[in-house]
Amino acid sequence: MINIAILEVFIFLGLTKDQRLQQVFFTFFLLFYVACLLGNGAILGVTLVEPRLHTPMYFFLGNLSCLDICYSTVTVPKMLSGFLRKNQSISFIGCLTQLHFFHFLGSSEAVLLGIMAYDRYVAICHPLRYTVIMSKWACITLAGTTWAAGFFHALMHTVVTSQLWFCGPNLIAHFFCDIKPLLKLACSSTTLNLILLKLVTGSIALSPFFFTLLSYFYIISFLFFKVQSCGWQKTFSTCGSHLTVVALLYIPVLFNYMIPTVGNSSNQDMIITLIYSAITPVLNPLIYTLRNQEVKLTMKKMWRKQQPFFAKKRFSEDKKFTW
C-alpha cells in the first residue's frame, strides 16, 4: 500500500516577487478596489432609494452592481494581502471556498447580462407589453434564477475538485484559487474536471453570450425596419452601456476558459483573470453612469439634497464652539 501525503495548505506565487512592483501593484489594485466599492455601491444605493428608478432595467443593474462588489471581494483583498506578505498561504477548505464563490458570482453575472439583453429587447421591440412581460414577479424570478444557476454551477466544480488528490507541490501559480491552476497540482485524474470545465462552464459562458447577440440582432432589425432614422440612434443608445459591459466580461472569459488548455501559460491566465475580476467591476459603474442620463441626474439630485444637511451640520458645529 502506497502512502500519499494529502496537502492541507497551498501557497500562491502571485503576480510578482519583486518587492518594488508589489508595492506599486498594492497601491494600484487598492485604488481599483475602493473605486469598485464606491462606484457600484453608489449605483446600488441610487437604484434602491430613487422611486423613479424602480424599473426592471435598474433592478437588474442593481443586481449587477451587487455581483461586482462581491466578485471583487472574493479575490482582490486576498491578492492585496499577498503583496504585504512574503508567503501567502491558504487552507484547502479556504481554497475551495474561494473557488466556489468566484465561479458562483462570475457565472451569475454572465447569466444576468443575458437577461439584461432580453429586458432591452422587450423594452424596444414590445414597448406596449413591456410592463406585462417584465412584471415585478417576473423580474424577481429571473434574478433568482440567475443567482441559483451560478450557485449550482459553482457547487458542481467545488464538489468535483474536492475529490481530487493533492500530494505536492503546493505552489499555485496564480493569485487566487481558480480551477485550472489547481488541476495542474492534482495527483489524481482530472478528466472529469476538464470535461465539466469545457462543457458546463462553456455552456454557462456561451449560452448567455449567443442569447445576447440574438437579442441585439432582433433589436437592430426592429430599429432598422420599423423606427425612423431620427429615433434610431436615440433608442439604440440606451443599449450601448450594456453592450460595452458584455464585451468587457465575455471576451476575456471566453479567452481564459475556452481557448487555452490547462497546460497554457499561467501568466497569460493571470492577466486575463485580472481584467474581469479586478478591472471590469470598476469600469461597469463608470460606463453606466457616464452613458446614462437618468443615473447621473439622480445622483446629482441626491447630492444637492445632502448639501443643506451638511451645511446645517457645519453651522451648528461652528455655533457650538462660539464663545
# chains A, B, ... in the order shown; residues from 1 in each chain; ligands from 1

call {"tool": "residues_around", "arguments": {"residues": "Asn193 in chain A", "least_positions_apart": "4", "cutoff": "12 Å", "atoms": "only C-alpha atoms", "output": "list in words"}}
result
Met156, His157, Thr158, Val159, Val160, Thr161, Ser162, Gln163, Leu164, Ile179, Lys180, Leu182, Leu183, Lys184, Ala186, Ser188, Ser189, Leu197, Lys198, Leu199, Val200, Thr201 and Val262 of chain A

call {"tool": "write_last_selection", "arguments": {"atoms": "C-alpha atoms", "output": "mmCIF file, in the first residue's frame"}}
result
data_model
loop_
_atom_site.group_PDB
_atom_site.id
_atom_site.type_symbol
_atom_site.label_atom_id
_atom_site.label_comp_id
_atom_site.auth_asym_id
_atom_site.auth_seq_id
_atom_site.Cartn_x
_atom_site.Cartn_y
_atom_site.Cartn_z
ATOM 1 C CA MET A 156 -20.594 21.305 -9.151
ATOM 2 C CA HIS A 157 -16.978 22.440 -9.658
ATOM 3 C CA THR A 158 -16.373 22.663 -5.904
ATOM 4 C CA VAL A 159 -17.611 19.133 -5.205
ATOM 5 C CA VAL A 160 -15.693 17.574 -8.113
ATOM 6 C CA THR A 161 -12.482 19.463 -7.256
ATOM 7 C CA SER A 162 -12.743 18.449 -3.593
ATOM 8 C CA GLN A 163 -12.496 14.782 -4.673
ATOM 9 C CA LEU A 164 -9.050 15.265 -6.232
ATOM 10 C CA ILE A 179 -9.837 25.637 -11.240
ATOM 11 C CA LYS A 180 -7.113 25.468 -13.891
ATOM 12 C CA LEU A 182 -5.468 23.656 -9.108
ATOM 13 C CA LEU A 183 -5.794 20.975 -11.781
ATOM 14 C CA LYS A 184 -2.078 21.358 -12.534
ATOM 15 C CA ALA A 186 -3.632 17.304 -8.784
ATOM 16 C CA SER A 188 -5.276 12.053 -9.478
ATOM 17 C CA SER A 189 -7.115 12.079 -12.801
ATOM 18 C CA LEU A 197 -14.927 22.864 -17.447
ATOM 19 C CA LYS A 198 -15.331 22.663 -21.221
ATOM 20 C CA LEU A 199 -18.974 21.566 -21.445
ATOM 21 C CA VAL A 200 -20.768 23.089 -18.448
ATOM 22 C CA THR A 201 -18.678 26.231 -17.928
ATOM 23 C CA VAL A 262 -4.672 23.555 -18.671
#

call {"tool": "residues_around", "arguments": {"residues": "Phe26 in chain A", "least_positions_apart": "6", "cutoff": "12 Å", "atoms": "only C-alpha atoms", "output": "PDB file with N, CA, C and O atoms, in the first residue's frame"}}
result
ATOM      1  N   GLY A  14       1.530  34.369  -6.783  1.00  0.00           N
ATOM      2  CA  GLY A  14       1.153  35.764  -7.001  1.00  0.00           C
ATOM      3  C   GLY A  14       1.603  36.320  -8.342  1.00  0.00           C
ATOM      4  O   GLY A  14       2.076  35.588  -9.218  1.00  0.00           O
ATOM      5  N   LEU A  15       1.463  37.624  -8.481  1.00  0.00           N
ATOM      6  CA  LEU A  15       1.776  38.287  -9.741  1.00  0.00           C
ATOM      7  C   LEU A  15       3.276  38.475  -9.943  1.00  0.00           C
ATOM      8  O   LEU A  15       3.782  38.376 -11.054  1.00  0.00           O
ATOM      9  N   THR A  16       3.986  38.782  -8.855  1.00  0.00           N
ATOM     10  CA  THR A  16       5.424  39.033  -8.968  1.00  0.00           C
ATOM     11  C   THR A  16       6.089  38.845  -7.608  1.00  0.00           C
ATOM     12  O   THR A  16       5.435  38.944  -6.565  1.00  0.00           O
ATOM     13  N   GLN A  19       9.713  43.185  -4.872  1.00  0.00           N
ATOM     14  CA  GLN A  19       9.089  43.954  -3.805  1.00  0.00           C
ATOM     15  C   GLN A  19       8.644  45.342  -4.249  1.00  0.00           C
ATOM     16  O   GLN A  19       7.607  45.842  -3.814  1.00  0.00           O
ATOM     17  N   ARG A  20       9.419  45.969  -5.112  1.00  0.00           N
ATOM     18  CA  ARG A  20       9.031  47.300  -5.597  1.00  0.00           C
ATOM     19  C   ARG A  20       7.764  47.222  -6.444  1.00  0.00           C
ATOM     20  O   ARG A  20       6.879  48.068  -6.320  1.00  0.00           O
ATOM     21  N   PHE A  32      -8.215  50.586  -7.183  1.00  0.00           N
ATOM     22  CA  PHE A  32      -9.245  49.979  -8.019  1.00  0.00           C
ATOM     23  C   PHE A  32     -10.352  49.359  -7.168  1.00  0.00           C
ATOM     24  O   PHE A  32     -11.539  49.478  -7.490  1.00  0.00           O
ATOM     25  N   TYR A  33      -9.964  48.688  -6.096  1.00  0.00           N
ATOM     26  CA  TYR A  33     -10.957  48.021  -5.244  1.00  0.00           C
ATOM     27  C   TYR A  33     -11.846  49.036  -4.545  1.00  0.00           C
ATOM     28  O   TYR A  33     -13.077  48.870  -4.479  1.00  0.00           O
ATOM     29  N   VAL A  76      -9.733  40.177  -4.711  1.00  0.00           N
ATOM     30  CA  VAL A  76      -8.831  41.319  -4.570  1.00  0.00           C
ATOM     31  C   VAL A  76      -8.252  41.480  -3.157  1.00  0.00           C
ATOM     32  O   VAL A  76      -7.034  41.675  -3.015  1.00  0.00           O
ATOM     33  N   PRO A  77      -9.045  41.412  -2.071  1.00  0.00           N
ATOM     34  CA  PRO A  77      -8.438  41.556  -0.733  1.00  0.00           C
ATOM     35  C   PRO A  77      -7.362  40.508  -0.448  1.00  0.00           C
ATOM     36  O   PRO A  77      -6.329  40.823   0.157  1.00  0.00           O
ATOM     37  N   LYS A  78      -7.592  39.271  -0.884  1.00  0.00           N
ATOM     38  CA  LYS A  78      -6.590  38.220  -0.689  1.00  0.00           C
ATOM     39  C   LYS A  78      -5.330  38.534  -1.499  1.00  0.00           C
ATOM     40  O   LYS A  78      -4.211  38.323  -1.029  1.00  0.00           O
ATOM     41  N   MET A  79      -5.519  39.049  -2.709  1.00  0.00           N
ATOM     42  CA  MET A  79      -4.378  39.426  -3.538  1.00  0.00           C
ATOM     43  C   MET A  79      -3.616  40.581  -2.894  1.00  0.00           C
ATOM     44  O   MET A  79      -2.370  40.597  -2.885  1.00  0.00           O
ATOM     45  N   LEU A  80      -4.314  41.572  -2.333  1.00  0.00           N
ATOM     46  CA  LEU A  80      -3.667  42.707  -1.685  1.00  0.00           C
ATOM     47  C   LEU A  80      -2.854  42.267  -0.474  1.00  0.00           C
ATOM     48  O   LEU A  80      -1.738  42.761  -0.247  1.00  0.00           O
ATOM     49  N   SER A  81      -3.401  41.348   0.308  1.00  0.00           N
ATOM     50  CA  SER A  81      -2.652  40.855   1.471  1.00  0.00           C
ATOM     51  C   SER A  81      -1.401  40.107   1.035  1.00  0.00           C
ATOM     52  O   SER A  81      -0.393  40.106   1.751  1.00  0.00           O
ATOM     53  N   GLY A  82      -1.451  39.482  -0.149  1.00  0.00           N
ATOM     54  CA  GLY A  82      -0.285  38.775  -0.663  1.00  0.00           C
ATOM     55  C   GLY A  82       0.865  39.699  -1.002  1.00  0.00           C
ATOM     56  O   GLY A  82       2.034  39.300  -0.924  1.00  0.00           O
ATOM     57  N   PHE A  83       0.541  40.946  -1.379  1.00  0.00           N
ATOM     58  CA  PHE A  83       1.598  41.923  -1.670  1.00  0.00           C
ATOM     59  C   PHE A  83       2.350  42.354  -0.408  1.00  0.00           C
ATOM     60  O   PHE A  83       3.448  42.880  -0.490  1.00  0.00           O
ATOM     61  N   LEU A  84       1.730  42.165   0.768  1.00  0.00           N
ATOM     62  CA  LEU A  84       2.322  42.612   2.028  1.00  0.00           C
ATOM     63  C   LEU A  84       3.010  41.484   2.778  1.00  0.00           C
ATOM     64  O   LEU A  84       3.651  41.728   3.801  1.00  0.00           O
ATOM     65  N   ARG A  85       2.852  40.243   2.283  1.00  0.00           N
ATOM     66  CA  ARG A  85       3.446  39.098   2.958  1.00  0.00           C
ATOM     67  C   ARG A  85       4.472  38.414   2.063  1.00  0.00           C
ATOM     68  O   ARG A  85       4.349  38.443   0.840  1.00  0.00           O
TER      69      ARG A  85
END

call {"tool": "closest_residue", "arguments": {"among": "A:Ala42, A:Val34, A:Ile11, A:Ile133", "to": "Thr289 in chain A", "atoms": "only C-alpha atoms"}}
result
A:Ala42

call {"tool": "select_by_dssp", "arguments": {"residues": "range 82-248 of chain A", "states": "strand (DSSP E)", "output": "list in words"}}
result
Gln88, Ser89, Ile90, Ser91, Leu171 and Ile172 of chain A

call {"tool": "atom_distance", "arguments": {"atom1": "CA of Ala173 in chain A", "atom2": "CA of Leu105 in chain A"}}
result
22.2 Å

call {"tool": "residues_around", "arguments": {"residues": "range 134-149 of chain A", "least_positions_apart": "2", "cutoff": "9 Å", "atoms": "only C-alpha atoms", "output": "short mmCIF file (atom, residue, chain, number, x, y, z; two decimals) with N, CA, C and O atoms, in the first residue's frame"}}
result
data_model
loop_
_atom_site.label_atom_id
_atom_site.label_comp_id
_atom_site.auth_asym_id
_atom_site.auth_seq_id
_atom_site.Cartn_x
_atom_site.Cartn_y
_atom_site.Cartn_z
N THR A 55 -37.51 50.30 -11.87
CA THR A 55 -37.95 49.68 -13.12
C THR A 55 -37.11 48.43 -13.34
O THR A 55 -36.06 48.25 -12.71
N PRO A 56 -37.56 47.53 -14.23
CA PRO A 56 -36.79 46.29 -14.47
C PRO A 56 -35.33 46.53 -14.84
O PRO A 56 -34.44 45.84 -14.33
N PHE A 59 -33.46 47.51 -11.78
CA PHE A 59 -33.46 46.38 -10.85
C PHE A 59 -32.32 45.43 -11.20
O PHE A 59 -31.56 44.99 -10.32
N PHE A 60 -32.19 45.12 -12.49
CA PHE A 60 -31.10 44.24 -12.92
C PHE A 60 -29.74 44.93 -12.80
O PHE A 60 -28.73 44.29 -12.50
N ASN A 63 -28.65 44.50 -9.32
CA ASN A 63 -28.12 43.15 -9.13
C ASN A 63 -26.70 43.04 -9.67
O ASN A 63 -25.84 42.39 -9.07
N PHE A 104 -19.35 31.07 -8.64
CA PHE A 104 -20.75 31.37 -8.34
C PHE A 104 -21.11 32.77 -8.81
O PHE A 104 -22.07 32.98 -9.57
N LEU A 105 -20.33 33.75 -8.41
CA LEU A 105 -20.63 35.15 -8.75
C LEU A 105 -20.32 35.44 -10.22
O LEU A 105 -21.06 36.20 -10.87
N SER A 107 -20.36 33.29 -12.90
CA SER A 107 -21.35 32.70 -13.79
C SER A 107 -22.71 33.37 -13.61
O SER A 107 -23.47 33.51 -14.58
N SER A 108 -23.02 33.82 -12.40
CA SER A 108 -24.28 34.56 -12.19
C SER A 108 -24.28 35.86 -12.99
O SER A 108 -25.29 36.24 -13.59
N GLU A 109 -23.13 36.54 -13.02
CA GLU A 109 -23.03 37.79 -13.79
C GLU A 109 -23.17 37.53 -15.28
O GLU A 109 -23.80 38.31 -16.00
N ALA A 110 -22.60 36.42 -15.76
CA ALA A 110 -22.72 36.09 -17.18
C ALA A 110 -24.17 35.86 -17.57
O ALA A 110 -24.65 36.35 -18.60
N VAL A 111 -24.91 35.12 -16.72
CA VAL A 111 -26.33 34.86 -16.99
C VAL A 111 -27.14 36.15 -16.89
O VAL A 111 -28.05 36.41 -17.69
N LEU A 112 -26.80 36.99 -15.89
CA LEU A 112 -27.53 38.25 -15.70
C LEU A 112 -27.41 39.17 -16.91
O LEU A 112 -28.38 39.83 -17.30
N ILE A 115 -29.90 38.15 -19.43
CA ILE A 115 -31.25 38.58 -19.04
C ILE A 115 -31.43 40.08 -19.27
O ILE A 115 -32.50 40.53 -19.71
N ASP A 119 -34.24 42.02 -21.49
CA ASP A 119 -35.00 43.18 -21.00
C ASP A 119 -34.97 44.32 -22.01
O ASP A 119 -36.00 44.95 -22.28
N VAL A 122 -37.26 43.40 -25.04
CA VAL A 122 -38.69 43.59 -24.77
C VAL A 122 -39.03 45.07 -24.72
O VAL A 122 -40.06 45.51 -25.26
N ALA A 123 -38.17 45.89 -24.09
CA ALA A 123 -38.43 47.32 -23.95
C ALA A 123 -38.48 48.02 -25.30
O ALA A 123 -39.29 48.94 -25.51
N ARG A 129 -46.18 46.00 -24.33
CA ARG A 129 -46.35 44.82 -23.47
C ARG A 129 -45.23 44.71 -22.43
O ARG A 129 -45.15 43.72 -21.70
N TYR A 130 -44.38 45.74 -22.37
CA TYR A 130 -43.19 45.66 -21.52
C TYR A 130 -43.54 45.46 -20.05
O TYR A 130 -42.98 44.59 -19.38
N THR A 131 -44.47 46.25 -19.53
CA THR A 131 -44.82 46.15 -18.11
C THR A 131 -45.49 44.83 -17.77
O THR A 131 -45.43 44.38 -16.62
N VAL A 132 -46.13 44.21 -18.77
CA VAL A 132 -46.78 42.92 -18.53
C VAL A 132 -45.75 41.79 -18.55
O VAL A 132 -45.73 40.93 -17.65
N PHE A 151 -24.94 29.54 -8.49
CA PHE A 151 -24.60 28.80 -7.28
C PHE A 151 -24.40 27.31 -7.58
O PHE A 151 -23.40 26.71 -7.14
N PHE A 152 -25.33 26.72 -8.30
CA PHE A 152 -25.24 25.28 -8.55
C PHE A 152 -24.13 24.95 -9.56
O PHE A 152 -23.52 23.88 -9.49
N HIS A 153 -23.84 25.88 -10.47
CA HIS A 153 -22.70 25.67 -11.37
C HIS A 153 -21.40 25.65 -10.58
O HIS A 153 -20.53 24.79 -10.79
N ALA A 154 -21.25 26.58 -9.65
CA ALA A 154 -20.04 26.63 -8.83
C ALA A 154 -19.97 25.43 -7.88
O ALA A 154 -18.89 24.88 -7.64
N ILE A 204 -22.33 27.79 -19.79
CA ILE A 204 -22.71 28.93 -18.96
C ILE A 204 -22.20 30.23 -19.57
O ILE A 204 -22.86 31.28 -19.50
#

call {"tool": "residues_around", "arguments": {"residues": "Leu206 in chain A", "least_positions_apart": "4", "cutoff": "8 Å", "atoms": "only C-alpha atoms", "output": "list in words"}}
result
Gly202, Phe210 and Leu254 of chain A

call {"tool": "select_by_dssp", "arguments": {"residues": "range 24-175 of chain A", "states": "helix (DSSP H, G or I)", "output": "JSON, numbers by chain"}}
result
{"A": [24, 25, 26, 27, 28, 29, 30, 31, 32, 33, 34, 35, 36, 37, 38, 39, 40, 41, 42, 43, 44, 45, 46, 47, 48, 49, 51, 52, 53, 56, 57, 58, 59, 60, 61, 62, 63, 64, 65, 66, 67, 68, 69, 70, 71, 72, 73, 74, 75, 76, 77, 78, 79, 80, 81, 82, 83, 84, 92, 93, 94, 95, 96, 97, 98, 99, 100, 101, 102, 103, 104, 105, 106, 107, 108, 109, 110, 111, 112, 113, 114, 115, 116, 117, 118, 119, 120, 121, 122, 123, 124, 125, 127, 128, 129, 130, 131, 132, 133, 136, 137, 138, 139, 140, 141, 142, 143, 144, 145, 146, 147, 148, 149, 150, 151, 152, 153, 154, 155, 156, 157, 158, 159, 160, 161, 162]}

call {"tool": "residues_around", "arguments": {"residues": "Ser277 in chain A", "least_positions_apart": "6", "cutoff": "9 Å", "atoms": "only C-alpha atoms", "output": "list in words"}}
result
Asp68, Tyr71, Ser72, Val74, Thr75, Val76, Phe102 and Gly106 of chain A

call {"tool": "write_last_selection", "arguments": {"atoms": "C-alpha atoms", "output": "tab-separated table (two decimals), in the first residue's frame"}}
result
chain	number	residue	atom	x	y	z
A	68	ASP	CA	-19.50	43.20	-8.95
A	71	TYR	CA	-17.00	39.35	-7.16
A	72	SER	CA	-14.08	41.69	-6.49
A	74	VAL	CA	-13.63	37.27	-3.38
A	75	THR	CA	-10.20	37.78	-4.98
A	76	VAL	CA	-8.83	41.32	-4.57
A	102	PHE	CA	-15.57	33.10	-7.64
A	106	GLY	CA	-18.89	35.09	-12.15

call {"tool": "residues_around", "arguments": {"residues": "Leu48 in chain A", "least_positions_apart": "5", "cutoff": "10 Å", "atoms": "only C-alpha atoms", "output": "PDB file with C-alpha atoms, in the first residue's frame"}}
result
ATOM      1  CA  ALA A  42     -23.427  54.364  -5.359  1.00  0.00           C
ATOM      2  CA  ILE A  43     -25.383  52.744  -8.207  1.00  0.00           C
ATOM      3  CA  LEU A  53     -35.505  54.011 -10.938  1.00  0.00           C
ATOM      4  CA  HIS A  54     -37.683  51.179  -9.635  1.00  0.00           C
ATOM      5  CA  TYR A  58     -32.430  49.386 -12.950  1.00  0.00           C
ATOM      6  CA  PHE A  59     -33.462  46.381 -10.849  1.00  0.00           C
ATOM      7  CA  GLY A  62     -28.633  46.925  -9.054  1.00  0.00           C
TER       8      GLY A  62
END

call {"tool": "closest_residue", "arguments": {"among": "A:Leu44, A:Met57, A:Leu67, A:Val49", "to": "Arg120 in chain A", "atoms": "only C-alpha atoms"}}
result
A:Met57

call {"tool": "decode", "arguments": {"residues": "range 28-39 of chain A", "atoms": "all heavy atoms", "output": "PDB file, in the first residue's frame"}}
result
ATOM      1  N   PHE A  28      -2.033  50.299  -6.671  1.00  0.00           N
ATOM      2  CA  PHE A  28      -2.869  50.332  -7.872  1.00  0.00           C
ATOM      3  C   PHE A  28      -4.174  49.562  -7.658  1.00  0.00           C
ATOM      4  O   PHE A  28      -5.269  50.098  -7.893  1.00  0.00           O
ATOM      5  CB  PHE A  28      -2.078  49.732  -9.038  1.00  0.00           C
ATOM      6  CG  PHE A  28      -2.797  49.725 -10.348  1.00  0.00           C
ATOM      7  CD1 PHE A  28      -2.949  50.881 -11.087  1.00  0.00           C
ATOM      8  CD2 PHE A  28      -3.342  48.542 -10.842  1.00  0.00           C
ATOM      9  CE1 PHE A  28      -3.622  50.870 -12.306  1.00  0.00           C
ATOM     10  CE2 PHE A  28      -4.008  48.516 -12.046  1.00  0.00           C
ATOM     11  CZ  PHE A  28      -4.146  49.680 -12.777  1.00  0.00           C
ATOM     12  N   PHE A  29      -4.079  48.324  -7.185  1.00  0.00           N
ATOM     13  CA  PHE A  29      -5.276  47.498  -7.039  1.00  0.00           C
ATOM     14  C   PHE A  29      -6.105  47.883  -5.817  1.00  0.00           C
ATOM     15  O   PHE A  29      -7.310  47.640  -5.788  1.00  0.00           O
ATOM     16  CB  PHE A  29      -4.899  46.019  -6.997  1.00  0.00           C
ATOM     17  CG  PHE A  29      -4.488  45.481  -8.346  1.00  0.00           C
ATOM     18  CD1 PHE A  29      -3.168  45.156  -8.602  1.00  0.00           C
ATOM     19  CD2 PHE A  29      -5.415  45.328  -9.363  1.00  0.00           C
ATOM     20  CE1 PHE A  29      -2.780  44.674  -9.843  1.00  0.00           C
ATOM     21  CE2 PHE A  29      -5.042  44.849 -10.605  1.00  0.00           C
ATOM     22  CZ  PHE A  29      -3.722  44.520 -10.851  1.00  0.00           C
ATOM     23  N   LEU A  30      -5.458  48.488  -4.814  1.00  0.00           N
ATOM     24  CA  LEU A  30      -6.231  49.010  -3.687  1.00  0.00           C
ATOM     25  C   LEU A  30      -7.132  50.144  -4.148  1.00  0.00           C
ATOM     26  O   LEU A  30      -8.316  50.211  -3.777  1.00  0.00           O
ATOM     27  CB  LEU A  30      -5.295  49.492  -2.580  1.00  0.00           C
ATOM     28  CG  LEU A  30      -5.976  50.128  -1.361  1.00  0.00           C
ATOM     29  CD1 LEU A  30      -6.884  49.128  -0.666  1.00  0.00           C
ATOM     30  CD2 LEU A  30      -4.934  50.680  -0.378  1.00  0.00           C
ATOM     31  N   LEU A  31      -6.592  51.048  -4.970  1.00  0.00           N
ATOM     32  CA  LEU A  31      -7.397  52.139  -5.511  1.00  0.00           C
ATOM     33  C   LEU A  31      -8.529  51.604  -6.387  1.00  0.00           C
ATOM     34  O   LEU A  31      -9.665  52.096  -6.331  1.00  0.00           O
ATOM     35  CB  LEU A  31      -6.503  53.091  -6.320  1.00  0.00           C
ATOM     36  CG  LEU A  31      -5.477  53.899  -5.519  1.00  0.00           C
ATOM     37  CD1 LEU A  31      -4.577  54.695  -6.450  1.00  0.00           C
ATOM     38  CD2 LEU A  31      -6.174  54.829  -4.539  1.00  0.00           C
ATOM     39  N   PHE A  32      -8.215  50.586  -7.183  1.00  0.00           N
ATOM     40  CA  PHE A  32      -9.245  49.979  -8.019  1.00  0.00           C
ATOM     41  C   PHE A  32     -10.352  49.359  -7.168  1.00  0.00           C
ATOM     42  O   PHE A  32     -11.539  49.478  -7.490  1.00  0.00           O
ATOM     43  CB  PHE A  32      -8.621  48.916  -8.934  1.00  0.00           C
ATOM     44  CG  PHE A  32      -8.344  49.405 -10.321  1.00  0.00           C
ATOM     45  CD1 PHE A  32      -7.327  50.323 -10.555  1.00  0.00           C
ATOM     46  CD2 PHE A  32      -9.086  48.968 -11.398  1.00  0.00           C
ATOM     47  CE1 PHE A  32      -7.062  50.788 -11.828  1.00  0.00           C
ATOM     48  CE2 PHE A  32      -8.837  49.431 -12.680  1.00  0.00           C
ATOM     49  CZ  PHE A  32      -7.822  50.337 -12.895  1.00  0.00           C
ATOM     50  N   TYR A  33      -9.964  48.688  -6.096  1.00  0.00           N
ATOM     51  CA  TYR A  33     -10.957  48.021  -5.244  1.00  0.00           C
ATOM     52  C   TYR A  33     -11.846  49.036  -4.545  1.00  0.00           C
ATOM     53  O   TYR A  33     -13.077  48.870  -4.479  1.00  0.00           O
ATOM     54  CB  TYR A  33     -10.240  47.143  -4.223  1.00  0.00           C
ATOM     55  CG  TYR A  33     -11.170  46.378  -3.326  1.00  0.00           C
ATOM     56  CD1 TYR A  33     -12.093  45.469  -3.846  1.00  0.00           C
ATOM     57  CD2 TYR A  33     -11.127  46.547  -1.939  1.00  0.00           C
ATOM     58  CE1 TYR A  33     -12.945  44.761  -3.025  1.00  0.00           C
ATOM     59  CE2 TYR A  33     -11.978  45.837  -1.110  1.00  0.00           C
ATOM     60  CZ  TYR A  33     -12.886  44.950  -1.656  1.00  0.00           C
ATOM     61  OH  TYR A  33     -13.740  44.248  -0.837  1.00  0.00           O
ATOM     62  N   VAL A  34     -11.244  50.112  -4.031  1.00  0.00           N
ATOM     63  CA  VAL A  34     -12.026  51.168  -3.380  1.00  0.00           C
ATOM     64  C   VAL A  34     -12.979  51.820  -4.386  1.00  0.00           C
ATOM     65  O   VAL A  34     -14.153  52.087  -4.081  1.00  0.00           O
ATOM     66  CB  VAL A  34     -11.092  52.230  -2.747  1.00  0.00           C
ATOM     67  CG1 VAL A  34     -11.894  53.425  -2.251  1.00  0.00           C
ATOM     68  CG2 VAL A  34     -10.296  51.610  -1.603  1.00  0.00           C
ATOM     69  N   ALA A  35     -12.474  52.057  -5.607  1.00  0.00           N
ATOM     70  CA  ALA A  35     -13.323  52.634  -6.653  1.00  0.00           C
ATOM     71  C   ALA A  35     -14.477  51.699  -6.996  1.00  0.00           C
ATOM     72  O   ALA A  35     -15.606  52.147  -7.248  1.00  0.00           O
ATOM     73  CB  ALA A  35     -12.489  52.923  -7.901  1.00  0.00           C
ATOM     74  N   CYS A  36     -14.199  50.401  -7.002  1.00  0.00           N
ATOM     75  CA  CYS A  36     -15.246  49.411  -7.271  1.00  0.00           C
ATOM     76  C   CYS A  36     -16.335  49.470  -6.200  1.00  0.00           C
ATOM     77  O   CYS A  36     -17.527  49.483  -6.514  1.00  0.00           O
ATOM     78  CB  CYS A  36     -14.639  48.006  -7.332  1.00  0.00           C
ATOM     79  SG  CYS A  36     -15.847  46.669  -7.409  1.00  0.00           S
ATOM     80  N   LEU A  37     -15.921  49.519  -4.933  1.00  0.00           N
ATOM     81  CA  LEU A  37     -16.890  49.570  -3.839  1.00  0.00           C
ATOM     82  C   LEU A  37     -17.714  50.855  -3.881  1.00  0.00           C
ATOM     83  O   LEU A  37     -18.942  50.825  -3.720  1.00  0.00           O
ATOM     84  CB  LEU A  37     -16.168  49.459  -2.493  1.00  0.00           C
ATOM     85  CG  LEU A  37     -15.414  48.152  -2.209  1.00  0.00           C
ATOM     86  CD1 LEU A  37     -14.771  48.204  -0.827  1.00  0.00           C
ATOM     87  CD2 LEU A  37     -16.345  46.954  -2.309  1.00  0.00           C
ATOM     88  N   LEU A  38     -17.034  51.985  -4.124  1.00  0.00           N
ATOM     89  CA  LEU A  38     -17.739  53.269  -4.137  1.00  0.00           C
ATOM     90  C   LEU A  38     -18.665  53.386  -5.345  1.00  0.00           C
ATOM     91  O   LEU A  38     -19.829  53.795  -5.216  1.00  0.00           O
ATOM     92  CB  LEU A  38     -16.732  54.421  -4.134  1.00  0.00           C
ATOM     93  CG  LEU A  38     -15.896  54.588  -2.862  1.00  0.00           C
ATOM     94  CD1 LEU A  38     -14.880  55.715  -3.031  1.00  0.00           C
ATOM     95  CD2 LEU A  38     -16.786  54.852  -1.657  1.00  0.00           C
ATOM     96  N   GLY A  39     -18.153  53.019  -6.528  1.00  0.00           N
ATOM     97  CA  GLY A  39     -18.953  53.154  -7.750  1.00  0.00           C
ATOM     98  C   GLY A  39     -20.162  52.250  -7.762  1.00  0.00           C
ATOM     99  O   GLY A  39     -21.301  52.699  -7.993  1.00  0.00           O
TER     100      GLY A  39
END
